[in-house]
Amino acid sequence: MVLGGRGFVEVKEFGVPDVVKSMSWCGENICIGIRREYMILNSTNGALSEVFPSGRLAPPLVVSLPSGELLLGKDNIGVFVDQNGKLLQEGRVCWSEAPNVVVIQKPYAIALLPRYVEVRSLRAPYPLIQTVVLRNARRILQSNNSVIVALDNAVYGLFPVPLGAQIVQLTASGDFEEALALCKLLPPEEASLRAAKEGSIHMRYAHHLFDNGAYEDAMEHFLASQVDITYVLSLYSSIVLPKTTMVSEPEKLMDISGDSSHLSRGSSGISDDMEPSTPLHLLESEESAALESKKMSHNTLMALIKFLQKKRYGIIEKATAEGTEEVVLDAVGNNFASYESNNRFKRSNKGRGSIPVTSGAREMAAILDTALLQALILTGQASVALELLKGLNYCDVKICEEILQKNNHHTALLELYRCNSMHHEALKLLHQLVEDSKSNQVQTELIQKLKPESIVEYLKPLCGTEPMLVLEYSMLVLESCPTQTIELFLNGNIPADLVNSYLKQHAPNMQATYLELMLAMDENGISGNLQNEMVHIYLSEVLDWHADLSAQQKWDEQTYSSTRKKLLSALESISGYNPEPLLRRLPTDALYEERAILLGKMNQHELALSLYVHKLHVPELALSYCDRVYESLIHQQSSRSSGNIYLTLLQIYLNPRRTTKNFEKRITNLVSPQNIGTPKVGSANTVKSKGGRGNKKIAAIEVADDIRVGQSSTDSSRSDGDADESSEEGGSTIMLDEVLDLLSRKWDRINGAQALKLLPRETKLQNLLPFMGPLLRKSSEAYRNLSVIKSLRQSQR
């Protein structure tokens, strides 16, 4: 049927299977209730679909809801369906009796029953709100602001109580959910009133839930009330909080209660129904023991943890922003009085930086984090507590330290110390744990983590800022893990002289180890002073070892301990030490190899070679020594005198008596106090000169001395004194085999003419063939090459 002109015009007709008892639009469809069932009629094509059977005791009842859904009656039960007739699962409305008519006055459903009018909420579980006794009511009708009920001989109007008064009444009766639902119906212009009412209701509801054991639900309502966390924490008297300048909890509660009550009275005209009860009754003496046990149970603490974690992000964000602002103001030199007054109070032990005690956001952050850590520990969530400490946190050190120590949570305690820059305490604890782990006195899960390397790892970030602290605690692990500790010193760029000085004072037995590893890791990074220190340490150990063996008459020059091998290697390979003090420390009758190396460092080549030949009796060492000297002079571009070192060795072989004459006396004079600090001489045969003679070329002096010694060696007339010397030396004679071997192997490095002058007259020419053959071939080749060059130059003219 469509309205057209002045009357109705029939457009289309749809048939239904029975007499329609009740109906209502549901979107584009029509829900109809016939005698025994409900059906959905498609208004476009007239298609019918069954919904479900209606009740047996009461006629069908179709009621349209403001949401577009339908409430269908089935005797005394109201069932919710969507616009297509599909059953919804929100619940059922259970009337006291089967209603005749139901009207909707949001947020209530009002039913006309045979003996009275019943008002129920449209929110699950659809509780009974009010009953109005009106017998023999015939009709009920909804108007804009009221519901009209018609009796046989009277008409009644049911007017809704103002929302504010309803909210107060519902709250007073403990129907908090319904009261909160009504708050949402307050008009937009009363937004502040709505917020105040909701906050107060959430508070009372939270206390109600908490007292009845619904702790997590209680915390959700505390969150919704926007109450300060100190108020919630006041319910947990066993949680220790840091002292703050915040308002005390009872005062805060009174402020909230008074605020809410005033707003409620202003809206409803009712004065006492909204007055919330304070938590002071929770601490009455007769209930305090049992209640405290309940509050510290696992469930209550878990609920508190979730509450604090949800509040934490915003509070930490404010605290961080507050700290950043202060840093910026400090950087630009802001001198506002308020800022200066805040800076008068500093937290002394906070590693996150200097934090004013009067800082509201950071005070709240400290309260929250301190309480959260305690709750986590008390509920056995040590790993979560550790993660809290590893991140940005404001935990109170004293309180948290006490609870962590009490519960033996050493890892978390270490992290607490670290994040607050309490490195002495952390390292002291870490060292104690490492020592205890060796005897299995700590928990099993910590044994694998607690090793000496743990201290090294802790110290790594401190090298740049706390070098002395690093040195102090590295001494505890230097012996057990020297390589890692030395790497710590090197990678941390701690000055080597400072490290060496500290070791010398506190761990002298590890000084050599440090210097060895440092030299191995960074050969160019160790100074001459440290090289000298290392060689002296080695020498001291070798001298003690020599003294012990000598006392037992077991000393042998060919015996080598590990330290002596290190000493010899260091004396040869490094060059930063001073040889003269070392030479003075050597015994006169032992350690000839060390003496020879030191003499070589002082360019006393003849004395060094004499030791190799006549004391050690190892010509190969003498030849190797000559090779090193020769090659070093070649690199220094001193080729003119480089070959003279072999001539010096040749003289020692040819005239052992002369080269060993006054040997000990020369060494004694060399290291005597009056010679300390004198310039190093260029050759073993060079004599300290006066005036301008000291400026002569080393090579010229060596050649002159070589010739002079050679002439004396070939002189057939020898004095009685020489004979005496020969007998004193055990009848030493010319070492001809060594001479010939030297000439044959090093012919290309020796001046042939000078060598021939030094040889004895009785030397057989046949024995010189290995030396003369290649030497002559080389000379002939050089002569031919020079001739060719000369001819080419002449042809170019």
# chains A, B, ... in the order shown; residues from 1 in each chain; ligands from 1

$ residues_around --residues "Asp18 (chain A)" --least-positions-apart "6" --cutoff "12 Å" --atoms "only C-alpha atoms" --output "number ranges by chain"
A: 32-39

$ residues_around --residues "region 378-382 of chain A" --least-positions-apart "3" --cutoff "9 Å" --atoms "only C-alpha atoms" --output "NGL selection string"
:A and (296-299 or 301-302 or 373-375 or 385-387 or 407 or 409 or 412)

$ atom_distance --atom1 "CA of Val51 (chain A)" --atom2 "CA of Arg138 (chain A)"
28.8 Å

$ atom_distance --atom1 "CA of Leu158 (chain A)" --atom2 "CA of Thr171 (chain A)"
22.3 Å

$ residues_around --residues "Leu182 (chain A)" --least-positions-apart "3" --cutoff "9 Å" --atoms "only C-alpha atoms" --output "PyMOL selection string"
chain A and resi 107+163-164+166-167+177-179+185-186

$ closest_residue --among "A:Glu593, A:Glu466, A:Asp82, A:Asp175" --to "Ser610 (chain A)" --atoms "only C-alpha atoms"
A:Glu593

$ residues_around --residues "Lys310 (chain A)" --least-positions-apart "5" --cutoff "10 Å" --atoms "only C-alpha atoms" --output "ChimeraX atom specification"
/A:220,223,304-305,315

$ residues_around --residues "region 576-581 of chain A" --least-positions-apart "3" --cutoff "10 Å" --atoms "only C-alpha atoms" --output "NGL selection string"
:A and (526-536 or 570-571 or 573 or 584-586 or 595 or 597-602 or 670-672 or 675-677)

$ select_by_dssp --residues "region 6-203 of chain A" --states "strand (DSSP E or B)" --output "ChimeraX atom specification"
/A:7-9,22-26,29-33,37-42,48-53,62-64,70-74,77-81,87-94,101-105,108-112,116-121,128-133,139-142,147-150,155-158

$ residues_around --residues "Lys460 (chain A)" --least-positions-apart "6" --cutoff "12 Å" --atoms "only C-alpha atoms" --output "ChimeraX atom specification"
/A:453-454,466-467,469-471,473-474,484-494

$ write_last_selection --atoms "all heavy atoms" --output "compact mmCIF listing (two decimals), in the first residue's frame"
# COMPACT_ATOMS: atom_id res chain seq x y z
N GLU A 453 85.78 -14.24 33.34
CA GLU A 453 85.54 -13.41 32.16
C GLU A 453 84.36 -12.46 32.37
O GLU A 453 84.26 -11.44 31.69
CB GLU A 453 85.30 -14.28 30.94
CG GLU A 453 86.53 -15.04 30.45
CD GLU A 453 86.79 -16.32 31.24
OE1 GLU A 453 86.06 -16.58 32.21
OE2 GLU A 453 87.74 -17.04 30.87
N SER A 454 83.46 -12.80 33.29
CA SER A 454 82.31 -11.94 33.55
C SER A 454 82.77 -10.57 34.07
O SER A 454 82.18 -9.54 33.75
CB SER A 454 81.37 -12.60 34.56
OG SER A 454 80.95 -13.87 34.11
N GLU A 466 86.41 5.16 33.75
CA GLU A 466 86.88 4.74 35.07
C GLU A 466 88.15 3.88 34.95
O GLU A 466 88.15 2.71 35.35
CB GLU A 466 85.78 3.95 35.79
CG GLU A 466 84.48 4.69 35.98
CD GLU A 466 84.51 5.62 37.17
OE1 GLU A 466 85.51 5.57 37.92
OE2 GLU A 466 83.57 6.39 37.36
N PRO A 467 89.25 4.43 34.43
CA PRO A 467 90.44 3.58 34.22
C PRO A 467 91.01 3.01 35.51
O PRO A 467 91.45 1.86 35.54
CB PRO A 467 91.43 4.53 33.52
CG PRO A 467 90.96 5.90 33.86
CD PRO A 467 89.48 5.81 33.98
N LEU A 469 89.39 2.31 38.26
CA LEU A 469 88.48 1.25 38.71
C LEU A 469 88.72 -0.02 37.91
O LEU A 469 88.73 -1.13 38.46
CB LEU A 469 87.04 1.72 38.56
CG LEU A 469 85.95 0.72 39.00
CD1 LEU A 469 85.98 0.58 40.52
CD2 LEU A 469 84.58 1.18 38.54
N VAL A 470 88.93 0.14 36.62
CA VAL A 470 89.21 -1.02 35.76
C VAL A 470 90.49 -1.71 36.21
O VAL A 470 90.56 -2.93 36.32
CB VAL A 470 89.32 -0.58 34.28
CG1 VAL A 470 89.79 -1.74 33.41
CG2 VAL A 470 87.97 -0.07 33.78
N LEU A 471 91.52 -0.93 36.50
CA LEU A 471 92.79 -1.52 36.95
C LEU A 471 92.63 -2.23 38.29
O LEU A 471 93.16 -3.32 38.50
CB LEU A 471 93.85 -0.42 37.05
CG LEU A 471 94.36 0.16 35.73
CD1 LEU A 471 95.29 1.32 35.99
CD2 LEU A 471 95.07 -0.92 34.92
N TYR A 473 89.99 -3.68 39.67
CA TYR A 473 89.26 -4.95 39.67
C TYR A 473 89.79 -5.93 38.63
O TYR A 473 89.50 -7.12 38.70
CB TYR A 473 87.77 -4.69 39.46
CG TYR A 473 87.11 -4.20 40.72
CD1 TYR A 473 86.96 -2.84 40.98
CD2 TYR A 473 86.68 -5.10 41.68
CE1 TYR A 473 86.38 -2.40 42.15
CE2 TYR A 473 86.09 -4.67 42.86
CZ TYR A 473 85.94 -3.31 43.09
OH TYR A 473 85.38 -2.88 44.26
N SER A 474 90.55 -5.43 37.68
CA SER A 474 91.16 -6.36 36.72
C SER A 474 92.25 -7.19 37.39
O SER A 474 92.58 -8.28 36.92
CB SER A 474 91.73 -5.60 35.53
OG SER A 474 92.77 -4.73 35.94
N GLN A 484 92.49 -12.16 28.09
CA GLN A 484 91.31 -11.31 28.01
C GLN A 484 91.53 -9.99 28.75
O GLN A 484 91.04 -8.94 28.31
CB GLN A 484 90.09 -12.03 28.60
CG GLN A 484 89.67 -13.26 27.82
CD GLN A 484 90.33 -14.52 28.34
OE1 GLN A 484 91.47 -14.50 28.78
NE2 GLN A 484 89.60 -15.62 28.28
N THR A 485 92.25 -10.06 29.86
CA THR A 485 92.48 -8.84 30.63
C THR A 485 93.40 -7.88 29.89
O THR A 485 93.17 -6.66 29.88
CB THR A 485 93.08 -9.18 32.01
OG1 THR A 485 92.28 -10.20 32.63
CG2 THR A 485 93.10 -7.96 32.90
N ILE A 486 94.45 -8.41 29.27
CA ILE A 486 95.35 -7.55 28.51
C ILE A 486 94.62 -6.96 27.32
O ILE A 486 94.80 -5.78 26.98
CB ILE A 486 96.59 -8.34 28.04
CG1 ILE A 486 97.30 -9.00 29.23
CG2 ILE A 486 97.54 -7.42 27.30
CD1 ILE A 486 97.63 -8.08 30.35
N GLU A 487 93.79 -7.75 26.67
CA GLU A 487 92.99 -7.21 25.57
C GLU A 487 92.08 -6.10 26.07
O GLU A 487 91.84 -5.11 25.35
CB GLU A 487 92.14 -8.33 24.96
CG GLU A 487 92.95 -9.32 24.12
CD GLU A 487 92.09 -10.44 23.57
OE1 GLU A 487 90.91 -10.53 23.97
OE2 GLU A 487 92.60 -11.21 22.74
N LEU A 488 91.58 -6.24 27.29
CA LEU A 488 90.77 -5.18 27.89
C LEU A 488 91.58 -3.89 28.01
O LEU A 488 91.09 -2.80 27.66
CB LEU A 488 90.28 -5.63 29.27
CG LEU A 488 89.59 -4.57 30.13
CD1 LEU A 488 88.23 -4.22 29.54
CD2 LEU A 488 89.41 -5.08 31.56
N PHE A 489 92.83 -4.00 28.49
CA PHE A 489 93.67 -2.81 28.61
C PHE A 489 93.96 -2.18 27.25
O PHE A 489 93.91 -0.96 27.10
CB PHE A 489 95.00 -3.17 29.29
CG PHE A 489 94.85 -3.67 30.70
CD1 PHE A 489 95.75 -4.58 31.23
CD2 PHE A 489 93.81 -3.25 31.50
CE1 PHE A 489 95.62 -5.05 32.53
CE2 PHE A 489 93.67 -3.71 32.80
CZ PHE A 489 94.58 -4.61 33.31
N LEU A 490 94.25 -3.03 26.26
CA LEU A 490 94.61 -2.52 24.94
C LEU A 490 93.41 -1.90 24.24
O LEU A 490 93.47 -0.78 23.74
CB LEU A 490 95.21 -3.64 24.09
CG LEU A 490 96.58 -4.17 24.55
CD1 LEU A 490 97.00 -5.33 23.69
CD2 LEU A 490 97.63 -3.07 24.49
N ASN A 491 92.30 -2.66 24.18
CA ASN A 491 91.11 -2.16 23.49
C ASN A 491 90.49 -0.98 24.20
O ASN A 491 89.82 -0.16 23.58
CB ASN A 491 90.08 -3.29 23.35
CG ASN A 491 90.60 -4.43 22.50
OD1 ASN A 491 91.45 -4.23 21.65
ND2 ASN A 491 90.11 -5.63 22.74
N GLY A 492 90.69 -0.91 25.52
CA GLY A 492 90.16 0.22 26.27
C GLY A 492 91.05 1.44 26.24
O GLY A 492 90.72 2.47 26.83
N ASN A 493 92.20 1.33 25.55
CA ASN A 493 93.13 2.46 25.41
C ASN A 493 93.59 3.01 26.77
O ASN A 493 93.75 4.22 26.93
CB ASN A 493 92.49 3.59 24.59
CG ASN A 493 92.25 3.17 23.15
OD1 ASN A 493 93.06 2.46 22.55
ND2 ASN A 493 91.12 3.57 22.61
N ILE A 494 93.78 2.12 27.73
CA ILE A 494 94.34 2.56 29.01
C ILE A 494 95.85 2.71 28.82
O ILE A 494 96.50 1.81 28.31
CB ILE A 494 94.04 1.53 30.12
CG1 ILE A 494 92.52 1.37 30.26
CG2 ILE A 494 94.66 1.96 31.44
CD1 ILE A 494 92.13 0.36 31.31

$ residues_around --residues "region 43-45 of chain A" --least-positions-apart "3" --cutoff "9 Å" --atoms "only C-alpha atoms" --output "list in words"
Phe14, Glu28, Asn29 and Ile30 of chain A
